[in-house]
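Trainee: Take a look at entry36.txt, compact mmCIF, N, CA and C atoms:
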```txt
# COMPACT_ATOMS: atom_id res chain seq x y z
N MET A 1 3.82 5.49 -22.38
CA MET A 1 4.62 5.14 -21.23
C MET A 1 3.99 3.91 -20.58
N ALA A 2 4.73 2.82 -20.57
CA ALA A 2 4.25 1.57 -19.98
C ALA A 2 4.59 1.54 -18.50
N VAL A 3 3.59 1.27 -17.69
CA VAL A 3 3.78 1.18 -16.25
C VAL A 3 4.19 -0.25 -15.90
N GLN A 4 5.30 -0.39 -15.22
CA GLN A 4 5.79 -1.68 -14.75
C GLN A 4 5.56 -1.76 -13.25
N VAL A 5 5.01 -2.87 -12.79
CA VAL A 5 4.78 -3.06 -11.36
C VAL A 5 5.59 -4.27 -10.92
N ARG A 6 6.28 -4.10 -9.81
CA ARG A 6 7.06 -5.22 -9.28
C ARG A 6 6.86 -5.33 -7.77
N LEU A 7 7.00 -6.54 -7.32
CA LEU A 7 6.97 -6.84 -5.89
C LEU A 7 8.35 -6.50 -5.35
N ALA A 8 8.40 -5.71 -4.29
CA ALA A 8 9.68 -5.30 -3.72
C ALA A 8 9.70 -5.63 -2.24
N PRO A 9 10.79 -6.16 -1.76
CA PRO A 9 10.88 -6.43 -0.32
C PRO A 9 10.98 -5.12 0.46
N VAL A 10 10.46 -5.11 1.67
CA VAL A 10 10.61 -3.96 2.55
C VAL A 10 11.88 -4.22 3.36
N GLN A 11 12.95 -3.57 2.97
CA GLN A 11 14.22 -3.73 3.68
C GLN A 11 14.18 -2.96 5.00
N SER A 12 13.57 -1.78 4.95
CA SER A 12 13.54 -0.90 6.10
C SER A 12 12.34 0.03 5.96
N PHE A 13 11.55 0.13 7.00
CA PHE A 13 10.42 1.06 6.96
C PHE A 13 10.92 2.50 6.94
N ALA A 14 12.10 2.77 7.51
CA ALA A 14 12.67 4.12 7.48
C ALA A 14 13.01 4.52 6.04
N GLU A 15 13.57 3.60 5.26
CA GLU A 15 13.86 3.90 3.85
C GLU A 15 12.57 4.07 3.06
N LEU A 16 11.59 3.21 3.32
CA LEU A 16 10.31 3.31 2.62
C LEU A 16 9.64 4.64 2.94
N GLU A 17 9.78 5.10 4.16
CA GLU A 17 9.17 6.39 4.54
C GLU A 17 9.65 7.51 3.63
N GLY A 18 10.93 7.56 3.35
CA GLY A 18 11.46 8.62 2.49
C GLY A 18 10.84 8.60 1.11
N GLU A 19 10.78 7.42 0.51
CA GLU A 19 10.17 7.29 -0.82
C GLU A 19 8.69 7.63 -0.78
N TRP A 20 8.02 7.14 0.27
CA TRP A 20 6.57 7.35 0.39
C TRP A 20 6.27 8.84 0.50
N ARG A 21 7.01 9.54 1.36
CA ARG A 21 6.75 10.97 1.55
C ARG A 21 7.08 11.78 0.30
N THR A 22 8.10 11.37 -0.44
CA THR A 22 8.43 12.06 -1.69
C THR A 22 7.30 11.90 -2.69
N LEU A 23 6.80 10.68 -2.85
CA LEU A 23 5.69 10.44 -3.77
C LEU A 23 4.44 11.15 -3.29
N GLU A 24 4.20 11.10 -2.01
CA GLU A 24 3.03 11.76 -1.42
C GLU A 24 3.02 13.26 -1.76
N ALA A 25 4.19 13.89 -1.73
CA ALA A 25 4.30 15.33 -2.02
C ALA A 25 4.05 15.65 -3.49
N GLU A 26 4.26 14.66 -4.38
CA GLU A 26 4.04 14.87 -5.82
C GLU A 26 2.57 14.82 -6.21
N LEU A 27 1.78 14.10 -5.45
CA LEU A 27 0.38 13.88 -5.82
C LEU A 27 -0.47 15.07 -5.41
N PRO A 28 -1.50 15.39 -6.21
CA PRO A 28 -2.29 16.59 -5.94
C PRO A 28 -3.08 16.57 -4.62
N ALA A 29 -3.70 15.46 -4.27
CA ALA A 29 -4.51 15.47 -3.05
C ALA A 29 -4.71 14.07 -2.49
N PRO A 30 -3.64 13.43 -2.03
CA PRO A 30 -3.85 12.10 -1.42
C PRO A 30 -4.64 12.24 -0.13
N SER A 31 -5.41 11.23 0.20
CA SER A 31 -6.16 11.29 1.46
C SER A 31 -5.21 11.05 2.63
N PHE A 32 -5.64 11.42 3.80
CA PHE A 32 -4.85 11.17 5.00
C PHE A 32 -4.53 9.68 5.14
N PHE A 33 -5.46 8.84 4.70
CA PHE A 33 -5.31 7.39 4.83
C PHE A 33 -4.29 6.82 3.84
N GLN A 34 -3.83 7.63 2.91
CA GLN A 34 -2.76 7.23 1.99
C GLN A 34 -1.42 7.81 2.43
N SER A 35 -1.43 8.67 3.42
CA SER A 35 -0.21 9.34 3.86
C SER A 35 0.66 8.42 4.71
N TRP A 36 1.95 8.76 4.79
CA TRP A 36 2.84 7.97 5.64
C TRP A 36 2.44 8.12 7.10
N SER A 37 1.83 9.23 7.46
CA SER A 37 1.37 9.41 8.85
C SER A 37 0.41 8.30 9.25
N TRP A 38 -0.41 7.85 8.30
CA TRP A 38 -1.34 6.74 8.58
C TRP A 38 -0.68 5.40 8.28
N VAL A 39 -0.17 5.23 7.08
CA VAL A 39 0.37 3.94 6.65
C VAL A 39 1.58 3.55 7.48
N GLY A 40 2.43 4.51 7.80
CA GLY A 40 3.66 4.21 8.52
C GLY A 40 3.52 4.14 10.03
N CYS A 41 2.35 4.55 10.55
CA CYS A 41 2.14 4.54 12.00
C CYS A 41 2.24 3.11 12.53
N LEU A 42 3.19 2.87 13.40
CA LEU A 42 3.44 1.55 13.99
C LEU A 42 3.65 0.48 12.90
N ALA A 43 4.33 0.87 11.82
CA ALA A 43 4.48 -0.02 10.66
C ALA A 43 5.09 -1.37 11.03
N GLU A 44 6.10 -1.37 11.87
CA GLU A 44 6.75 -2.65 12.19
C GLU A 44 5.81 -3.59 12.93
N GLU A 45 4.88 -3.06 13.69
CA GLU A 45 3.89 -3.89 14.38
C GLU A 45 2.74 -4.27 13.46
N ARG A 46 2.31 -3.32 12.63
CA ARG A 46 1.14 -3.53 11.78
C ARG A 46 1.42 -4.39 10.56
N TYR A 47 2.68 -4.45 10.13
CA TYR A 47 3.03 -5.19 8.93
C TYR A 47 4.10 -6.24 9.23
N PRO A 48 3.76 -7.31 9.96
CA PRO A 48 4.76 -8.33 10.23
C PRO A 48 5.17 -9.12 8.98
N ASP A 49 4.31 -9.14 7.96
CA ASP A 49 4.63 -9.82 6.70
C ASP A 49 4.28 -8.87 5.55
N PRO A 50 5.06 -7.78 5.38
CA PRO A 50 4.72 -6.76 4.40
C PRO A 50 4.91 -7.22 2.96
N VAL A 51 4.04 -6.71 2.11
CA VAL A 51 4.13 -6.92 0.67
C VAL A 51 4.04 -5.53 0.05
N LEU A 52 5.11 -5.12 -0.61
CA LEU A 52 5.17 -3.80 -1.23
C LEU A 52 5.15 -3.94 -2.74
N LEU A 53 4.24 -3.24 -3.38
CA LEU A 53 4.21 -3.17 -4.83
C LEU A 53 4.64 -1.78 -5.25
N ARG A 54 5.55 -1.73 -6.23
CA ARG A 54 6.08 -0.47 -6.75
C ARG A 54 5.72 -0.36 -8.22
N ALA A 55 5.15 0.78 -8.61
CA ALA A 55 4.84 1.05 -10.01
C ALA A 55 5.81 2.10 -10.52
N GLU A 56 6.45 1.81 -11.66
CA GLU A 56 7.42 2.73 -12.23
C GLU A 56 7.24 2.78 -13.74
N ALA A 57 7.66 3.88 -14.32
CA ALA A 57 7.70 4.02 -15.78
C ALA A 57 8.89 4.90 -16.11
N ASP A 58 9.70 4.44 -17.03
CA ASP A 58 10.89 5.18 -17.44
C ASP A 58 11.75 5.60 -16.25
N GLY A 59 11.89 4.72 -15.26
CA GLY A 59 12.73 5.00 -14.10
C GLY A 59 12.11 5.93 -13.06
N ARG A 60 10.87 6.32 -13.26
CA ARG A 60 10.20 7.23 -12.33
C ARG A 60 9.19 6.47 -11.48
N LEU A 61 9.25 6.69 -10.18
CA LEU A 61 8.29 6.06 -9.27
C LEU A 61 6.93 6.70 -9.44
N LEU A 62 5.92 5.87 -9.75
CA LEU A 62 4.56 6.37 -9.97
C LEU A 62 3.58 5.92 -8.89
N GLY A 63 3.92 4.86 -8.15
CA GLY A 63 2.97 4.40 -7.15
C GLY A 63 3.57 3.38 -6.20
N LEU A 64 2.99 3.34 -5.00
CA LEU A 64 3.36 2.39 -3.97
C LEU A 64 2.09 1.85 -3.33
N ALA A 65 2.08 0.57 -3.05
CA ALA A 65 0.96 -0.05 -2.33
C ALA A 65 1.57 -0.98 -1.28
N LEU A 66 1.28 -0.71 -0.03
CA LEU A 66 1.80 -1.53 1.06
C LEU A 66 0.67 -2.38 1.63
N PHE A 67 0.87 -3.68 1.56
CA PHE A 67 -0.09 -4.66 2.06
C PHE A 67 0.55 -5.42 3.21
N ASN A 68 -0.27 -6.03 4.03
CA ASN A 68 0.20 -7.02 4.98
C ASN A 68 -0.42 -8.35 4.59
N ARG A 69 0.42 -9.40 4.58
CA ARG A 69 -0.08 -10.73 4.26
C ARG A 69 -0.48 -11.40 5.57
N ARG A 70 -1.72 -11.87 5.61
CA ARG A 70 -2.23 -12.57 6.79
C ARG A 70 -3.24 -13.61 6.33
N ARG A 71 -2.99 -14.85 6.68
CA ARG A 71 -3.88 -15.95 6.30
C ARG A 71 -4.19 -15.98 4.81
N ARG A 72 -3.14 -15.86 4.00
CA ARG A 72 -3.23 -15.89 2.54
C ARG A 72 -4.10 -14.78 1.97
N ARG A 73 -4.24 -13.70 2.73
CA ARG A 73 -4.95 -12.52 2.25
C ARG A 73 -3.98 -11.35 2.27
N LEU A 74 -4.15 -10.44 1.33
CA LEU A 74 -3.38 -9.21 1.33
C LEU A 74 -4.30 -8.09 1.77
N HIS A 75 -3.90 -7.38 2.81
CA HIS A 75 -4.68 -6.28 3.39
C HIS A 75 -3.99 -4.97 3.04
N LEU A 76 -4.65 -4.12 2.25
CA LEU A 76 -4.08 -2.85 1.85
C LEU A 76 -4.12 -1.87 3.01
N ALA A 77 -2.94 -1.43 3.44
CA ALA A 77 -2.78 -0.42 4.50
C ALA A 77 -3.42 -0.85 5.83
N GLU A 78 -3.55 -2.14 6.04
CA GLU A 78 -4.09 -2.67 7.29
C GLU A 78 -3.27 -3.90 7.69
N SER A 79 -3.38 -4.26 8.96
CA SER A 79 -2.65 -5.43 9.46
C SER A 79 -3.38 -6.74 9.18
N GLY A 80 -4.72 -6.68 9.12
CA GLY A 80 -5.51 -7.89 9.02
C GLY A 80 -5.92 -8.43 10.37
N ASP A 81 -5.51 -7.75 11.42
CA ASP A 81 -5.88 -8.10 12.80
C ASP A 81 -6.94 -7.10 13.26
N ALA A 82 -8.12 -7.59 13.63
CA ALA A 82 -9.25 -6.71 13.97
C ALA A 82 -8.90 -5.73 15.09
N GLY A 83 -8.15 -6.16 16.08
CA GLY A 83 -7.77 -5.27 17.17
C GLY A 83 -6.90 -4.12 16.72
N MET A 84 -5.90 -4.43 15.89
CA MET A 84 -5.01 -3.37 15.40
C MET A 84 -5.70 -2.47 14.39
N ASP A 85 -6.67 -3.02 13.67
CA ASP A 85 -7.34 -2.25 12.63
C ASP A 85 -8.64 -1.61 13.11
N ALA A 86 -8.83 -1.53 14.43
CA ALA A 86 -10.06 -0.96 14.98
C ALA A 86 -10.28 0.49 14.53
N PRO A 87 -9.24 1.33 14.46
CA PRO A 87 -9.48 2.63 13.83
C PRO A 87 -9.71 2.39 12.35
N PHE A 88 -10.95 2.57 11.91
CA PHE A 88 -11.34 2.19 10.55
C PHE A 88 -10.69 3.08 9.51
N ILE A 89 -10.24 2.47 8.43
CA ILE A 89 -9.62 3.21 7.34
C ILE A 89 -10.69 3.66 6.35
N GLU A 90 -10.61 4.92 5.96
CA GLU A 90 -11.53 5.48 4.98
C GLU A 90 -10.71 6.06 3.83
N HIS A 91 -11.31 6.21 2.69
CA HIS A 91 -10.66 6.83 1.53
C HIS A 91 -9.30 6.20 1.27
N ASN A 92 -9.28 4.89 1.22
CA ASN A 92 -8.07 4.11 1.04
C ASN A 92 -7.81 3.87 -0.45
N ALA A 93 -6.56 3.71 -0.79
CA ALA A 93 -6.13 3.35 -2.14
C ALA A 93 -4.62 3.31 -2.11
N PRO A 94 -4.01 2.65 -3.08
CA PRO A 94 -2.56 2.77 -3.18
C PRO A 94 -2.18 4.24 -3.38
N LEU A 95 -1.00 4.60 -2.98
CA LEU A 95 -0.49 5.95 -3.21
C LEU A 95 0.08 5.95 -4.62
N ALA A 96 -0.64 6.60 -5.55
CA ALA A 96 -0.23 6.45 -6.95
C ALA A 96 -0.76 7.57 -7.83
N HIS A 97 0.01 7.83 -8.88
CA HIS A 97 -0.48 8.67 -9.96
C HIS A 97 -1.60 7.90 -10.65
N PRO A 98 -2.57 8.58 -11.25
CA PRO A 98 -3.74 7.89 -11.81
C PRO A 98 -3.41 6.74 -12.77
N GLN A 99 -2.40 6.89 -13.61
CA GLN A 99 -2.09 5.84 -14.59
C GLN A 99 -1.51 4.59 -13.95
N ALA A 100 -1.09 4.68 -12.69
CA ALA A 100 -0.48 3.52 -12.02
C ALA A 100 -1.46 2.79 -11.10
N LEU A 101 -2.61 3.37 -10.84
CA LEU A 101 -3.54 2.78 -9.87
C LEU A 101 -4.04 1.39 -10.29
N ALA A 102 -4.60 1.29 -11.48
CA ALA A 102 -5.12 -0.01 -11.94
C ALA A 102 -4.02 -1.05 -12.06
N PRO A 103 -2.85 -0.73 -12.63
CA PRO A 103 -1.78 -1.74 -12.69
C PRO A 103 -1.35 -2.23 -11.31
N LEU A 104 -1.32 -1.34 -10.32
CA LEU A 104 -0.95 -1.77 -8.96
C LEU A 104 -1.95 -2.77 -8.40
N LEU A 105 -3.23 -2.48 -8.55
CA LEU A 105 -4.24 -3.37 -8.01
C LEU A 105 -4.29 -4.70 -8.77
N ARG A 106 -4.10 -4.65 -10.09
CA ARG A 106 -4.04 -5.91 -10.85
C ARG A 106 -2.85 -6.76 -10.40
N ALA A 107 -1.72 -6.13 -10.17
CA ALA A 107 -0.51 -6.86 -9.76
C ALA A 107 -0.67 -7.49 -8.39
N ALA A 108 -1.50 -6.90 -7.55
CA ALA A 108 -1.71 -7.46 -6.21
C ALA A 108 -2.27 -8.88 -6.29
N TRP A 109 -3.07 -9.15 -7.32
CA TRP A 109 -3.61 -10.51 -7.48
C TRP A 109 -2.50 -11.53 -7.71
N GLY A 110 -1.42 -11.10 -8.34
CA GLY A 110 -0.32 -12.01 -8.63
C GLY A 110 0.69 -12.12 -7.51
N ALA A 111 0.41 -11.55 -6.37
CA ALA A 111 1.37 -11.53 -5.25
C ALA A 111 1.16 -12.70 -4.29
N GLY A 112 0.49 -13.74 -4.73
CA GLY A 112 0.35 -14.95 -3.92
C GLY A 112 -0.74 -14.92 -2.88
N ALA A 113 -1.75 -14.11 -3.08
CA ALA A 113 -2.85 -14.05 -2.11
C ALA A 113 -4.08 -14.76 -2.66
N ARG A 114 -4.86 -15.29 -1.76
CA ARG A 114 -6.13 -15.91 -2.15
C ARG A 114 -7.21 -14.84 -2.24
N ARG A 115 -7.02 -13.77 -1.47
CA ARG A 115 -8.04 -12.72 -1.40
C ARG A 115 -7.38 -11.38 -1.13
N LEU A 116 -7.89 -10.32 -1.75
CA LEU A 116 -7.46 -8.97 -1.45
C LEU A 116 -8.48 -8.32 -0.55
N VAL A 117 -8.01 -7.65 0.49
CA VAL A 117 -8.89 -6.91 1.39
C VAL A 117 -8.58 -5.43 1.16
N LEU A 118 -9.57 -4.74 0.60
CA LEU A 118 -9.39 -3.35 0.20
C LEU A 118 -10.41 -2.45 0.92
N ASN A 119 -10.39 -2.47 2.23
CA ASN A 119 -11.33 -1.65 2.99
C ASN A 119 -11.11 -0.17 2.67
N GLY A 120 -12.22 0.54 2.48
CA GLY A 120 -12.16 1.96 2.22
C GLY A 120 -11.80 2.34 0.80
N VAL A 121 -11.63 1.37 -0.09
CA VAL A 121 -11.30 1.66 -1.49
C VAL A 121 -12.62 1.76 -2.27
N PRO A 122 -12.82 2.87 -3.00
CA PRO A 122 -14.05 3.00 -3.75
C PRO A 122 -14.14 1.93 -4.84
N PRO A 123 -15.35 1.46 -5.16
CA PRO A 123 -15.52 0.41 -6.16
C PRO A 123 -14.92 0.74 -7.52
N ALA A 124 -14.95 1.99 -7.91
CA ALA A 124 -14.41 2.39 -9.23
C ALA A 124 -12.93 2.10 -9.28
```
Before we go any further, please render this structure as structure tokens.
Mentor:
Amino acid sequence: MAVQVRLAPVQSFAELEGEWRTLEAELPAPSFFQSWSWVGCLAEERYPDPVLLRAEADGRLLGLALFNRRRRRLHLAESGDAGMDAPFIEHNAPLAHPQALAPLLRAAWGAGARRLVLNGVPPA
């Protein structure tokens, strides 16, 4: 099964919430910092320039990664503004099935950023 990752516009955070919560319920143990409760909190304020990556295989959604673009950097699940990001994110990662995690992060490099900011993401 080949995982395809594509850049998708965020048409509506309300629509994204439904997909996010459905995927969240499929995964065995996502961290709180991967949940819509964290990622979606004040989403319209925190993500003025959102970049959404979607991983799919055979028509099935396998992963989502929501970044904010700020100063040619992509910030995973953060705004990139120190004041808004003062509550520090821990145990961060894209919301994804294991086979989609690496493809999502690799695809982020091709999303037009000079730098990826992955606070709270383990090195592995």
Trainee: Which of chain A counts as alpha helix (DSSP H) under DSSP, as a PyMOL selection string please?
Mentor: chain A and resi 13-26+36-39+43-46+98-109
Trainee: Could you work out how far atom N of Ala102 in chain A lies from CA of Ser37 in chain A, giving the answer in Å with one decimal?
Mentor: 22.7 Å
Trainee: Counting only N, CA and C atoms, write as a VMD selection string all protein and nucleic acid residues lying at most 7 Å from (-0.1, -3.4, -9.2) in the file's frame.
Mentor: chain A and resid 5 to 6 53 to 55 100 to 109
Trainee: In Å to one decimal, how far is CA of Val51 in chain A from CA of Asp81 in chain A?
Mentor: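 Going from CA of Asp81 in chain A over to CA of Val51 in chain A, I get 15.8 Å.
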Trainee: Set the distance at 8 Å and use only C-alpha atoms: which residues neighbour Ala57 in chain A once local chain neighbours fewer than 4 positions away are removed? I'd like the list as a list in words.
Mentor: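 After dropping sequence-adjacent residues, the list is Met1, Ala2, Val3, Gln4, Leu61 and Leu62 of chain A.
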Trainee: So how many Å separate atom C of Arg71 in chain A and atom C of Gln34 in chain A, to one decimal?
Mentor: 24.1 Å
Trainee: What residues in range 4-122 of chain A get the DSSP label strand (DSSP E or B)? Please answer as a count of residues only.
Mentor: 33
Trainee: From the list A:Arg115, A:Ala96, A:Phe13, A:Leu74, which residue is nearest Gly40 in chain A when using all atoms listed in the file?
Mentor: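 Looking only at the distances to Gly40 in chain A, the closest residue turns out to be A:Phe13.
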